[in-house]
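Structure data follow from work.pdb (PDB, C-alpha atoms and all ligand atoms):
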```pdb
ATOM      1  CA  MET N   1      92.246 151.132 119.668  1.00  0.00           C
ATOM      2  CA  ALA N   2      88.488 151.044 119.233  1.00  0.00           C
ATOM      3  CA  LEU N   3      88.667 147.442 120.414  1.00  0.00           C
ATOM      4  CA  PHE N   4      89.629 148.648 123.884  1.00  0.00           C
ATOM      5  CA  TYR N   5      86.668 150.972 124.341  1.00  0.00           C
ATOM      6  CA  PRO N   6      83.382 149.894 125.893  1.00  0.00           C
ATOM      7  CA  THR N   7      79.977 151.045 124.710  1.00  0.00           C
ATOM      8  CA  ALA N   8      79.580 152.829 128.050  1.00  0.00           C
ATOM      9  CA  TYR N   9      81.283 153.216 131.412  1.00  0.00           C
ATOM     10  CA  LYS N  10      79.785 152.791 134.837  1.00  0.00           C
ATOM     11  CA  ASN N  11      81.345 153.001 138.216  1.00  0.00           C
ATOM     12  CA  ARG N  12      79.593 149.908 139.616  1.00  0.00           C
ATOM     13  CA  ILE N  13      77.501 147.208 137.991  1.00  0.00           C
ATOM     14  CA  THR N  14      74.598 148.468 140.105  1.00  0.00           C
ATOM     15  CA  ASP N  15      74.835 151.813 138.276  1.00  0.00           C
ATOM     16  CA  ILE N  16      73.661 150.120 135.066  1.00  0.00           C
ATOM     17  CA  THR N  17      69.960 150.888 134.778  1.00  0.00           C
ATOM     18  CA  LEU N  18      67.094 149.340 132.862  1.00  0.00           C
ATOM     19  CA  ASP N  19      67.017 152.582 130.932  1.00  0.00           C
ATOM     20  CA  ASP N  20      70.658 152.022 129.854  1.00  0.00           C
ATOM     21  CA  LEU N  21      69.638 148.603 128.540  1.00  0.00           C
ATOM     22  CA  ASN N  22      66.318 149.622 127.001  1.00  0.00           C
ATOM     23  CA  LYS N  23      67.740 152.447 124.978  1.00  0.00           C
ATOM     24  CA  ARG N  24      70.259 150.031 123.442  1.00  0.00           C
ATOM     25  CA  GLY N  25      67.723 147.252 122.944  1.00  0.00           C
ATOM     26  CA  ILE N  26      69.532 144.931 125.379  1.00  0.00           C
ATOM     27  CA  ARG N  27      67.533 141.962 126.745  1.00  0.00           C
ATOM     28  CA  GLY N  28      70.366 139.760 128.024  1.00  0.00           C
ATOM     29  CA  LEU N  29      73.573 140.214 130.011  1.00  0.00           C
ATOM     30  CA  LEU N  30      76.820 138.257 130.178  1.00  0.00           C
ATOM     31  CA  LEU N  31      78.245 138.932 133.601  1.00  0.00           C
ATOM     32  CA  ASP N  32      81.850 138.868 134.745  1.00  0.00           C
ATOM     33  CA  VAL N  33      82.391 137.808 138.373  1.00  0.00           C
ATOM     34  CA  ASP N  34      85.770 138.926 139.748  1.00  0.00           C
ATOM     35  CA  ASN N  35      85.729 142.611 140.626  1.00  0.00           C
ATOM     36  CA  THR N  36      82.404 143.061 138.808  1.00  0.00           C
ATOM     37  CA  LEU N  37      79.752 141.157 140.817  1.00  0.00           C
ATOM     38  CA  THR N  38      82.003 140.736 143.858  1.00  0.00           C
ATOM     39  CA  THR N  39      85.628 141.385 144.770  1.00  0.00           C
ATOM     40  CA  HIS N  40      88.361 139.166 143.350  1.00  0.00           C
ATOM     41  CA  GLY N  41      88.047 135.571 144.534  1.00  0.00           C
ATOM     42  CA  SER N  42      85.222 136.409 146.948  1.00  0.00           C
ATOM     43  CA  GLN N  43      81.969 134.524 147.444  1.00  0.00           C
ATOM     44  CA  VAL N  44      80.338 137.475 149.197  1.00  0.00           C
ATOM     45  CA  LEU N  45      77.157 138.769 147.566  1.00  0.00           C
ATOM     46  CA  SER N  46      76.314 142.319 148.612  1.00  0.00           C
ATOM     47  CA  ASN N  47      72.723 143.399 149.119  1.00  0.00           C
ATOM     48  CA  GLU N  48      73.122 146.012 146.395  1.00  0.00           C
ATOM     49  CA  VAL N  49      74.249 143.480 143.800  1.00  0.00           C
ATOM     50  CA  ARG N  50      71.585 140.992 144.882  1.00  0.00           C
ATOM     51  CA  ASP N  51      68.863 143.633 144.546  1.00  0.00           C
ATOM     52  CA  TRP N  52      70.210 144.748 141.163  1.00  0.00           C
ATOM     53  CA  LEU N  53      70.149 141.160 139.850  1.00  0.00           C
ATOM     54  CA  THR N  54      66.578 140.759 141.082  1.00  0.00           C
ATOM     55  CA  GLN N  55      65.534 144.037 139.490  1.00  0.00           C
ATOM     56  CA  MET N  56      67.006 142.965 136.141  1.00  0.00           C
ATOM     57  CA  GLN N  57      65.360 139.565 136.241  1.00  0.00           C
ATOM     58  CA  ASP N  58      62.012 141.026 137.270  1.00  0.00           C
ATOM     59  CA  ALA N  59      62.221 143.225 134.181  1.00  0.00           C
ATOM     60  CA  GLY N  60      62.744 140.135 132.015  1.00  0.00           C
ATOM     61  CA  ILE N  61      66.470 140.651 131.421  1.00  0.00           C
ATOM     62  CA  ARG N  62      68.153 137.277 130.910  1.00  0.00           C
ATOM     63  CA  LEU N  63      71.399 136.775 132.811  1.00  0.00           C
ATOM     64  CA  THR N  64      74.290 134.378 132.699  1.00  0.00           C
ATOM     65  CA  VAL N  65      77.817 134.370 134.105  1.00  0.00           C
ATOM     66  CA  VAL N  66      80.838 134.286 131.799  1.00  0.00           C
ATOM     67  CA  SER N  67      84.101 134.177 133.749  1.00  0.00           C
ATOM     68  CA  ASN N  68      87.718 133.343 133.032  1.00  0.00           C
ATOM     69  CA  ALA N  69      88.147 131.943 136.519  1.00  0.00           C
ATOM     70  CA  TRP N  70      88.252 128.268 137.479  1.00  0.00           C
ATOM     71  CA  GLU N  71      85.121 126.213 137.888  1.00  0.00           C
ATOM     72  CA  TRP N  72      85.676 125.867 141.656  1.00  0.00           C
ATOM     73  CA  ARG N  73      85.715 129.638 142.013  1.00  0.00           C
ATOM     74  CA  VAL N  74      82.819 130.476 139.694  1.00  0.00           C
ATOM     75  CA  ALA N  75      80.324 127.666 140.333  1.00  0.00           C
ATOM     76  CA  PRO N  76      79.542 128.411 144.027  1.00  0.00           C
ATOM     77  CA  PHE N  77      79.026 132.107 143.327  1.00  0.00           C
ATOM     78  CA  ALA N  78      76.838 131.455 140.306  1.00  0.00           C
ATOM     79  CA  GLU N  79      74.796 129.055 142.403  1.00  0.00           C
ATOM     80  CA  LYS N  80      74.452 131.665 145.115  1.00  0.00           C
ATOM     81  CA  ILE N  81      72.934 134.114 142.640  1.00  0.00           C
ATOM     82  CA  GLY N  82      70.899 131.392 140.943  1.00  0.00           C
ATOM     83  CA  LEU N  83      72.477 131.733 137.505  1.00  0.00           C
ATOM     84  CA  ARG N  84      74.054 129.332 135.073  1.00  0.00           C
ATOM     85  CA  HIS N  85      77.708 129.979 134.372  1.00  0.00           C
ATOM     86  CA  ILE N  86      80.603 129.454 132.016  1.00  0.00           C
ATOM     87  CA  SER N  87      83.994 129.164 133.729  1.00  0.00           C
ATOM     88  CA  LEU N  88      87.416 129.278 132.009  1.00  0.00           C
ATOM     89  CA  SER N  89      85.767 131.260 129.248  1.00  0.00           C
ATOM     90  CA  CYS N  90      89.124 132.412 127.812  1.00  0.00           C
ATOM     91  CA  LYS N  91      88.064 136.021 127.274  1.00  0.00           C
ATOM     92  CA  PRO N  92      89.129 137.892 125.139  1.00  0.00           C
ATOM     93  CA  SER N  93      88.555 134.909 122.869  1.00  0.00           C
ATOM     94  CA  PRO N  94      84.946 135.220 121.668  1.00  0.00           C
ATOM     95  CA  PHE N  95      84.148 131.600 122.504  1.00  0.00           C
ATOM     96  CA  GLY N  96      82.760 132.150 126.016  1.00  0.00           C
ATOM     97  CA  PHE N  97      80.589 135.066 124.924  1.00  0.00           C
ATOM     98  CA  TRP N  98      79.379 133.044 121.932  1.00  0.00           C
ATOM     99  CA  ARG N  99      78.327 130.224 124.254  1.00  0.00           C
ATOM    100  CA  GLY N 100      76.726 132.702 126.647  1.00  0.00           C
ATOM    101  CA  VAL N 101      74.699 134.379 123.916  1.00  0.00           C
ATOM    102  CA  ARG N 102      73.485 130.994 122.659  1.00  0.00           C
ATOM    103  CA  ARG N 103      72.472 130.109 126.181  1.00  0.00           C
ATOM    104  CA  LEU N 104      70.499 133.334 126.603  1.00  0.00           C
ATOM    105  CA  GLY N 105      68.630 132.458 123.420  1.00  0.00           C
ATOM    106  CA  LEU N 106      68.647 136.022 122.155  1.00  0.00           C
ATOM    107  CA  PRO N 107      70.055 137.638 119.027  1.00  0.00           C
ATOM    108  CA  LYS N 108      73.603 138.843 119.553  1.00  0.00           C
ATOM    109  CA  ALA N 109      72.445 142.441 119.061  1.00  0.00           C
ATOM    110  CA  GLN N 110      70.269 142.123 122.184  1.00  0.00           C
ATOM    111  CA  CYS N 111      73.102 140.930 124.443  1.00  0.00           C
ATOM    112  CA  ALA N 112      75.691 142.948 126.338  1.00  0.00           C
ATOM    113  CA  ALA N 113      78.777 141.986 128.297  1.00  0.00           C
ATOM    114  CA  ILE N 114      79.610 143.590 131.633  1.00  0.00           C
ATOM    115  CA  GLY N 115      83.110 143.456 133.079  1.00  0.00           C
ATOM    116  CA  ASP N 116      85.927 145.365 134.708  1.00  0.00           C
ATOM    117  CA  GLN N 117      88.884 144.474 132.506  1.00  0.00           C
ATOM    118  CA  VAL N 118      89.860 146.076 129.230  1.00  0.00           C
ATOM    119  CA  PHE N 119      92.018 143.195 127.991  1.00  0.00           C
ATOM    120  CA  THR N 120      89.526 140.423 128.669  1.00  0.00           C
ATOM    121  CA  ASP N 121      85.920 141.667 129.015  1.00  0.00           C
ATOM    122  CA  ILE N 122      85.990 144.729 126.782  1.00  0.00           C
ATOM    123  CA  LEU N 123      88.383 143.440 124.160  1.00  0.00           C
ATOM    124  CA  GLY N 124      86.495 140.118 124.002  1.00  0.00           C
ATOM    125  CA  ALA N 125      83.106 141.791 123.640  1.00  0.00           C
ATOM    126  CA  ASN N 126      84.432 144.013 120.862  1.00  0.00           C
ATOM    127  CA  ILE N 127      86.069 141.115 119.035  1.00  0.00           C
ATOM    128  CA  TYR N 128      82.810 139.184 119.222  1.00  0.00           C
ATOM    129  CA  GLY N 129      80.881 142.328 118.327  1.00  0.00           C
ATOM    130  CA  ILE N 130      78.479 142.878 121.212  1.00  0.00           C
ATOM    131  CA  THR N 131      77.597 145.855 123.365  1.00  0.00           C
ATOM    132  CA  CYS N 132      79.729 146.129 126.486  1.00  0.00           C
ATOM    133  CA  PHE N 133      79.670 148.041 129.737  1.00  0.00           C
ATOM    134  CA  GLN N 134      82.897 148.592 131.595  1.00  0.00           C
ATOM    135  CA  VAL N 135      82.729 148.960 135.358  1.00  0.00           C
ATOM    136  CA  MET N 136      85.492 150.077 137.683  1.00  0.00           C
ATOM    137  CA  PRO N 137      87.032 147.162 139.608  1.00  0.00           C
ATOM    138  CA  MET N 138      85.050 146.746 142.811  1.00  0.00           C
ATOM    139  CA  ASP N 139      88.217 146.519 144.885  1.00  0.00           C
ATOM    140  CA  PRO N 140      91.465 146.806 142.889  1.00  0.00           C
ATOM    141  CA  ALA N 141      93.431 145.815 145.992  1.00  0.00           C
ATOM    142  CA  THR N 142      92.115 142.260 145.552  1.00  0.00           C
ATOM    143  CA  ASP N 143      93.632 141.938 142.059  1.00  0.00           C
ATOM    144  CA  LYS N 144      96.381 139.375 141.585  1.00  0.00           C
ATOM    145  CA  PRO N 145      99.901 140.834 141.063  1.00  0.00           C
ATOM    146  CA  PHE N 146     100.001 140.092 137.302  1.00  0.00           C
ATOM    147  CA  LEU N 147      96.745 141.982 136.962  1.00  0.00           C
ATOM    148  CA  ARG N 148      98.187 145.122 138.501  1.00  0.00           C
ATOM    149  CA  VAL N 149     100.493 145.392 135.487  1.00  0.00           C
ATOM    150  CA  ARG N 150      97.511 145.160 133.151  1.00  0.00           C
ATOM    151  CA  ARG N 151      95.706 147.777 135.239  1.00  0.00           C
ATOM    152  CA  ARG N 152      98.568 150.142 134.528  1.00  0.00           C
ATOM    153  CA  TRP N 153      98.038 149.636 130.803  1.00  0.00           C
ATOM    154  CA  GLU N 154      94.314 150.135 131.310  1.00  0.00           C
ATOM    155  CA  ARG N 155      95.010 153.436 133.007  1.00  0.00           C
ATOM    156  CA  LYS N 156      97.064 154.508 130.005  1.00  0.00           C
ATOM    157  CA  ILE N 157      94.047 153.834 127.817  1.00  0.00           C
ATOM    158  CA  TYR N 158      91.811 155.876 130.144  1.00  0.00           C
ATOM    159  CA  GLU N 159      94.267 158.766 130.087  1.00  0.00           C
ATOM    160  CA  ASN N 160      94.480 158.625 126.332  1.00  0.00           C
ATOM    161  CA  ARG N 161      90.745 158.803 126.072  1.00  0.00           C
ATOM    162  CA  LYS N 162      90.447 161.686 128.518  1.00  0.00           C
ATOM    163  CA  GLY N 163      93.022 163.573 126.497  1.00  0.00           C
ATOM    164  CA  ARG N 164      90.800 163.228 123.461  1.00  0.00           C
ATOM    165  CA  GLY N 165      87.771 164.434 125.406  1.00  0.00           C
ATOM    166  CA  GLU N 166      85.822 161.146 125.153  1.00  0.00           C
TER     167      GLU N 166
HETATM  168 MG    MG N 201      86.783 140.768 136.311  1.00  0.00          MG
END
```

Represent the structure of the file as structure tokens.
Amino acid sequence: MALFYPTAYKNRITDITLDDLNKRGIRGLLLDVDNTLTTHGSQVLSNEVRDWLTQMQDAGIRLTVVSNAWEWRVAPFAEKIGLRHISLSCKPSPFGFWRGVRRLGLPKAQCAAIGDQVFTDILGANIYGITCFQVMPMDPATDKPFLRVRRRWERKIYENRKGRGE
């Protein structure tokens, strides 16, 4: 079950602070798109997320996008935020994260994944063996129907954890 647990939880990606990264020695981030940087399938970039990305980059944090979505969905958003991207990354397979870490040019121990899904982002980061931050889905109502089923399983994991006082 440890594979399903992130290093830390945050409500929104913008709640992740430089202090959170510094104390874990993180210098690079692998960013999920759908329901992490924006709502599912959306190209809208909020001011909060834009400012957060700028703040990270100004502090020298290296960023890249690692998404399971199609190229046509990921590429325009990545371009909008001025980042390189990996689409169809097949999380939880470690391949996309491996490519992302190589691209950031940092040791694996200095990279962290950020995402909203236990069975892709968190599981993948744990399989690959990197720090990971789990955020709550920005707008769960935008999830695709098959995802709602997985969300139910995710909730079971949350409840389990709460029961154990974690
Ligand atoms: Mg996502």

Written as a compact mmCIF listing (two decimals) with C-alpha atoms, keeping the file's coordinate frame, which residues does the PyMOL selection byres (((chain N and resi 50) around 12) and not hetatm) give for the file shown?
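Output saved as result.txt:
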```
# COMPACT_ATOMS: atom_id res chain seq x y z
CA ILE N 13 77.50 147.21 137.99
CA THR N 14 74.60 148.47 140.10
CA LEU N 37 79.75 141.16 140.82
CA THR N 38 82.00 140.74 143.86
CA VAL N 44 80.34 137.48 149.20
CA LEU N 45 77.16 138.77 147.57
CA SER N 46 76.31 142.32 148.61
CA ASN N 47 72.72 143.40 149.12
CA GLU N 48 73.12 146.01 146.40
CA VAL N 49 74.25 143.48 143.80
CA ASP N 51 68.86 143.63 144.55
CA TRP N 52 70.21 144.75 141.16
CA LEU N 53 70.15 141.16 139.85
CA THR N 54 66.58 140.76 141.08
CA GLN N 55 65.53 144.04 139.49
CA MET N 56 67.01 142.96 136.14
CA GLN N 57 65.36 139.56 136.24
CA PHE N 77 79.03 132.11 143.33
CA ALA N 78 76.84 131.46 140.31
CA LYS N 80 74.45 131.66 145.12
CA ILE N 81 72.93 134.11 142.64
CA GLY N 82 70.90 131.39 140.94
CA LEU N 83 72.48 131.73 137.50
```

Open item on the list: Between CA of Arg27 (chain N) and CA of Ala109 (chain N), what is the distance in Å, rounded to a tenth?
Closed with: 9.1 Å

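Minimum distance to Ile61 (chain N) across N:Asp116, N:Asp143, N:Asp121, N:Asp19 (counting all atoms listed in the file) occurs at N:Asp19.
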
Open item on the list: For the provided coordinates, the residues matched by the PyMOL selection byres (((chain N and resi 135) around 10) and not hetatm) should be stated as a ChimeraX atom specification.
Closed with: /N:6,8-16,35-37,114-118,132-134,136-138

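Considering all atoms listed in the file, the residue among N:Gly129, N:Pro145, N:Gly96, N:Pro107 positioned nearest to Ser67 (chain N) is N:Gly96.
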
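Closest to ligand MG 201 (chain N) among N:Ser89, N:Thr7, N:Thr17, N:Thr131 is N:Ser89, based on all atoms listed in the file.
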
Open item on the list: If we count all atoms listed in the file and set the cut-off at 12 Å, which residues sit around Glu71 (chain N), ignoring sequence neighbours fewer than 5 positions away in its own chain? Please answer as a PyMOL selection string.
Closed with: chain N and resi 33+41+65-66+76-79+84-89

Would you be able to write out as a PDB file with C-alpha atoms, keeping the file's coordinate frame which residues have an atom within 7 Å of (88.9, 140.6, 146.8) in the file's coordinates, counting all atoms listed in the file?
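Saved as result-v9.pdb:
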```
ATOM      1  CA  THR N  39      85.628 141.385 144.770  1.00  0.00           C
ATOM      2  CA  HIS N  40      88.361 139.166 143.350  1.00  0.00           C
ATOM      3  CA  GLY N  41      88.047 135.571 144.534  1.00  0.00           C
ATOM      4  CA  SER N  42      85.222 136.409 146.948  1.00  0.00           C
ATOM      5  CA  ASP N 139      88.217 146.519 144.885  1.00  0.00           C
ATOM      6  CA  ALA N 141      93.431 145.815 145.992  1.00  0.00           C
ATOM      7  CA  THR N 142      92.115 142.260 145.552  1.00  0.00           C
ATOM      8  CA  ASP N 143      93.632 141.938 142.059  1.00  0.00           C
TER       9      ASP N 143
END
```

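The two atoms in question, CA of Leu30 (chain N) and CA of Phe4 (chain N), are spaced 17.7 Å apart.
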
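Take the candidates N:Ala2, N:Leu104, N:Ile127, N:Ile122 and check each one against ligand MG 201 (chain N) using all atoms listed in the file; the shortest distance goes to N:Ile122.
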
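Separating CA of Lys144 (chain N) from CA of Tyr128 (chain N) is a distance of 26.2 Å.
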
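Comparing the minimum interatomic distances between ligand MG 201 (chain N) and each of N:Arg155, N:Arg161, N:Lys91, N:Arg103, counting all atoms listed in the file, we find that N:Lys91 sits nearest.
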
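Residue nearest ligand MG 201 (chain N) within the list N:Leu21, N:Leu3, N:Cys90, N:Leu31: N:Leu31 [criterion: smallest interatomic distance, all atoms listed in the file].
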
From the coordinates supplied, region 94-127 of chain N should be written with N, CA and C atoms, as a PDB file, in the first residue's frame.
```pdb
ATOM      1  N   PRO N  94       7.086   3.865 -15.255  1.00  0.00           N
ATOM      2  CA  PRO N  94       8.095   4.872 -14.873  1.00  0.00           C
ATOM      3  C   PRO N  94       8.737   5.575 -16.068  1.00  0.00           C
ATOM      4  N   PHE N  95       8.370   5.166 -17.279  1.00  0.00           N
ATOM      5  CA  PHE N  95       9.078   5.648 -18.461  1.00  0.00           C
ATOM      6  C   PHE N  95       8.995   7.170 -18.639  1.00  0.00           C
ATOM      7  N   GLY N  96       7.778   7.720 -18.485  1.00  0.00           N
ATOM      8  CA  GLY N  96       7.604   9.161 -18.677  1.00  0.00           C
ATOM      9  C   GLY N  96       8.377   9.967 -17.639  1.00  0.00           C
ATOM     10  N   PHE N  97       8.326   9.517 -16.397  1.00  0.00           N
ATOM     11  CA  PHE N  97       9.071  10.205 -15.336  1.00  0.00           C
ATOM     12  C   PHE N  97      10.571  10.094 -15.582  1.00  0.00           C
ATOM     13  N   TRP N  98      11.005   8.933 -16.036  1.00  0.00           N
ATOM     14  CA  TRP N  98      12.430   8.723 -16.348  1.00  0.00           C
ATOM     15  C   TRP N  98      12.883   9.725 -17.419  1.00  0.00           C
ATOM     16  N   ARG N  99      12.074   9.839 -18.465  1.00  0.00           N
ATOM     17  CA  ARG N  99      12.402  10.811 -19.524  1.00  0.00           C
ATOM     18  C   ARG N  99      12.409  12.239 -18.984  1.00  0.00           C
ATOM     19  N   GLY N 100      11.414  12.541 -18.142  1.00  0.00           N
ATOM     20  CA  GLY N 100      11.297  13.880 -17.578  1.00  0.00           C
ATOM     21  C   GLY N 100      12.500  14.235 -16.723  1.00  0.00           C
ATOM     22  N   VAL N 101      12.920  13.297 -15.897  1.00  0.00           N
ATOM     23  CA  VAL N 101      14.070  13.534 -15.015  1.00  0.00           C
ATOM     24  C   VAL N 101      15.329  13.758 -15.858  1.00  0.00           C
ATOM     25  N   ARG N 102      15.498  12.955 -16.892  1.00  0.00           N
ATOM     26  CA  ARG N 102      16.657  13.143 -17.783  1.00  0.00           C
ATOM     27  C   ARG N 102      16.633  14.531 -18.409  1.00  0.00           C
ATOM     28  N   ARG N 103      15.447  14.943 -18.793  1.00  0.00           N
ATOM     29  CA  ARG N 103      15.297  16.254 -19.423  1.00  0.00           C
ATOM     30  C   ARG N 103      15.644  17.381 -18.453  1.00  0.00           C
ATOM     31  N   LEU N 104      15.247  17.231 -17.202  1.00  0.00           N
ATOM     32  CA  LEU N 104      15.547  18.264 -16.202  1.00  0.00           C
ATOM     33  C   LEU N 104      17.037  18.327 -15.912  1.00  0.00           C
ATOM     34  N   GLY N 105      17.746  17.234 -16.182  1.00  0.00           N
ATOM     35  CA  GLY N 105      19.190  17.225 -15.987  1.00  0.00           C
ATOM     36  C   GLY N 105      19.599  17.275 -14.530  1.00  0.00           C
ATOM     37  N   LEU N 106      18.780  16.699 -13.685  1.00  0.00           N
ATOM     38  CA  LEU N 106      19.054  16.685 -12.246  1.00  0.00           C
ATOM     39  C   LEU N 106      19.093  15.234 -11.765  1.00  0.00           C
ATOM     40  N   PRO N 107      19.770  14.993 -10.642  1.00  0.00           N
ATOM     41  CA  PRO N 107      19.682  13.653 -10.057  1.00  0.00           C
ATOM     42  C   PRO N 107      18.233  13.356  -9.682  1.00  0.00           C
ATOM     43  N   LYS N 108      17.880  12.106  -9.783  1.00  0.00           N
ATOM     44  CA  LYS N 108      16.512  11.673  -9.471  1.00  0.00           C
ATOM     45  C   LYS N 108      16.071  12.153  -8.077  1.00  0.00           C
ATOM     46  N   ALA N 109      17.012  12.137  -7.145  1.00  0.00           N
ATOM     47  CA  ALA N 109      16.688  12.504  -5.756  1.00  0.00           C
ATOM     48  C   ALA N 109      16.296  13.975  -5.633  1.00  0.00           C
ATOM     49  N   GLN N 110      16.602  14.780  -6.660  1.00  0.00           N
ATOM     50  CA  GLN N 110      16.257  16.203  -6.607  1.00  0.00           C
ATOM     51  C   GLN N 110      15.002  16.519  -7.410  1.00  0.00           C
ATOM     52  N   CYS N 111      14.300  15.489  -7.868  1.00  0.00           N
ATOM     53  CA  CYS N 111      13.096  15.700  -8.682  1.00  0.00           C
ATOM     54  C   CYS N 111      11.864  15.182  -7.947  1.00  0.00           C
ATOM     55  N   ALA N 112      10.749  15.875  -8.150  1.00  0.00           N
ATOM     56  CA  ALA N 112       9.486  15.442  -7.557  1.00  0.00           C
ATOM     57  C   ALA N 112       8.387  15.503  -8.600  1.00  0.00           C
ATOM     58  N   ALA N 113       7.455  14.568  -8.501  1.00  0.00           N
ATOM     59  CA  ALA N 113       6.281  14.574  -9.363  1.00  0.00           C
ATOM     60  C   ALA N 113       5.127  15.237  -8.610  1.00  0.00           C
ATOM     61  N   ILE N 114       4.284  15.939  -9.378  1.00  0.00           N
ATOM     62  CA  ILE N 114       3.074  16.520  -8.795  1.00  0.00           C
ATOM     63  C   ILE N 114       1.884  16.068  -9.636  1.00  0.00           C
ATOM     64  N   GLY N 115       0.860  15.523  -8.976  1.00  0.00           N
ATOM     65  CA  GLY N 115      -0.307  15.085  -9.726  1.00  0.00           C
ATOM     66  C   GLY N 115      -1.488  14.839  -8.810  1.00  0.00           C
ATOM     67  N   ASP N 116      -2.635  14.607  -9.436  1.00  0.00           N
ATOM     68  CA  ASP N 116      -3.874  14.468  -8.663  1.00  0.00           C
ATOM     69  C   ASP N 116      -4.357  13.031  -8.556  1.00  0.00           C
ATOM     70  N   GLN N 117      -3.722  12.110  -9.280  1.00  0.00           N
ATOM     71  CA  GLN N 117      -4.275  10.752  -9.304  1.00  0.00           C
ATOM     72  C   GLN N 117      -3.379   9.720  -8.633  1.00  0.00           C
ATOM     73  N   VAL N 118      -3.982   8.951  -7.757  1.00  0.00           N
ATOM     74  CA  VAL N 118      -3.241   7.915  -7.037  1.00  0.00           C
ATOM     75  C   VAL N 118      -2.704   6.855  -7.999  1.00  0.00           C
ATOM     76  N   PHE N 119      -3.550   6.409  -8.945  1.00  0.00           N
ATOM     77  CA  PHE N 119      -3.179   5.233  -9.738  1.00  0.00           C
ATOM     78  C   PHE N 119      -2.301   5.549 -10.948  1.00  0.00           C
ATOM     79  N   THR N 120      -2.056   6.808 -11.184  1.00  0.00           N
ATOM     80  CA  THR N 120      -1.124   7.168 -12.266  1.00  0.00           C
ATOM     81  C   THR N 120       0.052   7.950 -11.668  1.00  0.00           C
ATOM     82  N   ASP N 121      -0.217   9.169 -11.191  1.00  0.00           N
ATOM     83  CA  ASP N 121       0.859  10.060 -10.725  1.00  0.00           C
ATOM     84  C   ASP N 121       1.589   9.507  -9.499  1.00  0.00           C
ATOM     85  N   ILE N 122       0.831   9.138  -8.494  1.00  0.00           N
ATOM     86  CA  ILE N 122       1.455   8.746  -7.221  1.00  0.00           C
ATOM     87  C   ILE N 122       2.072   7.348  -7.330  1.00  0.00           C
ATOM     88  N   LEU N 123       1.306   6.432  -7.886  1.00  0.00           N
ATOM     89  CA  LEU N 123       1.834   5.085  -8.065  1.00  0.00           C
ATOM     90  C   LEU N 123       3.086   5.113  -8.951  1.00  0.00           C
ATOM     91  N   GLY N 124       3.015   5.869 -10.048  1.00  0.00           N
ATOM     92  CA  GLY N 124       4.159   5.949 -10.976  1.00  0.00           C
ATOM     93  C   GLY N 124       5.402   6.535 -10.315  1.00  0.00           C
ATOM     94  N   ALA N 125       5.196   7.596  -9.536  1.00  0.00           N
ATOM     95  CA  ALA N 125       6.339   8.233  -8.867  1.00  0.00           C
ATOM     96  C   ALA N 125       6.962   7.267  -7.856  1.00  0.00           C
ATOM     97  N   ASN N 126       6.119   6.522  -7.165  1.00  0.00           N
ATOM     98  CA  ASN N 126       6.632   5.569  -6.178  1.00  0.00           C
ATOM     99  C   ASN N 126       7.333   4.383  -6.842  1.00  0.00           C
ATOM    100  N   ILE N 127       6.794   3.936  -7.956  1.00  0.00           N
ATOM    101  CA  ILE N 127       7.454   2.832  -8.678  1.00  0.00           C
ATOM    102  C   ILE N 127       8.832   3.305  -9.151  1.00  0.00           C
TER     103      ILE N 127
END
```
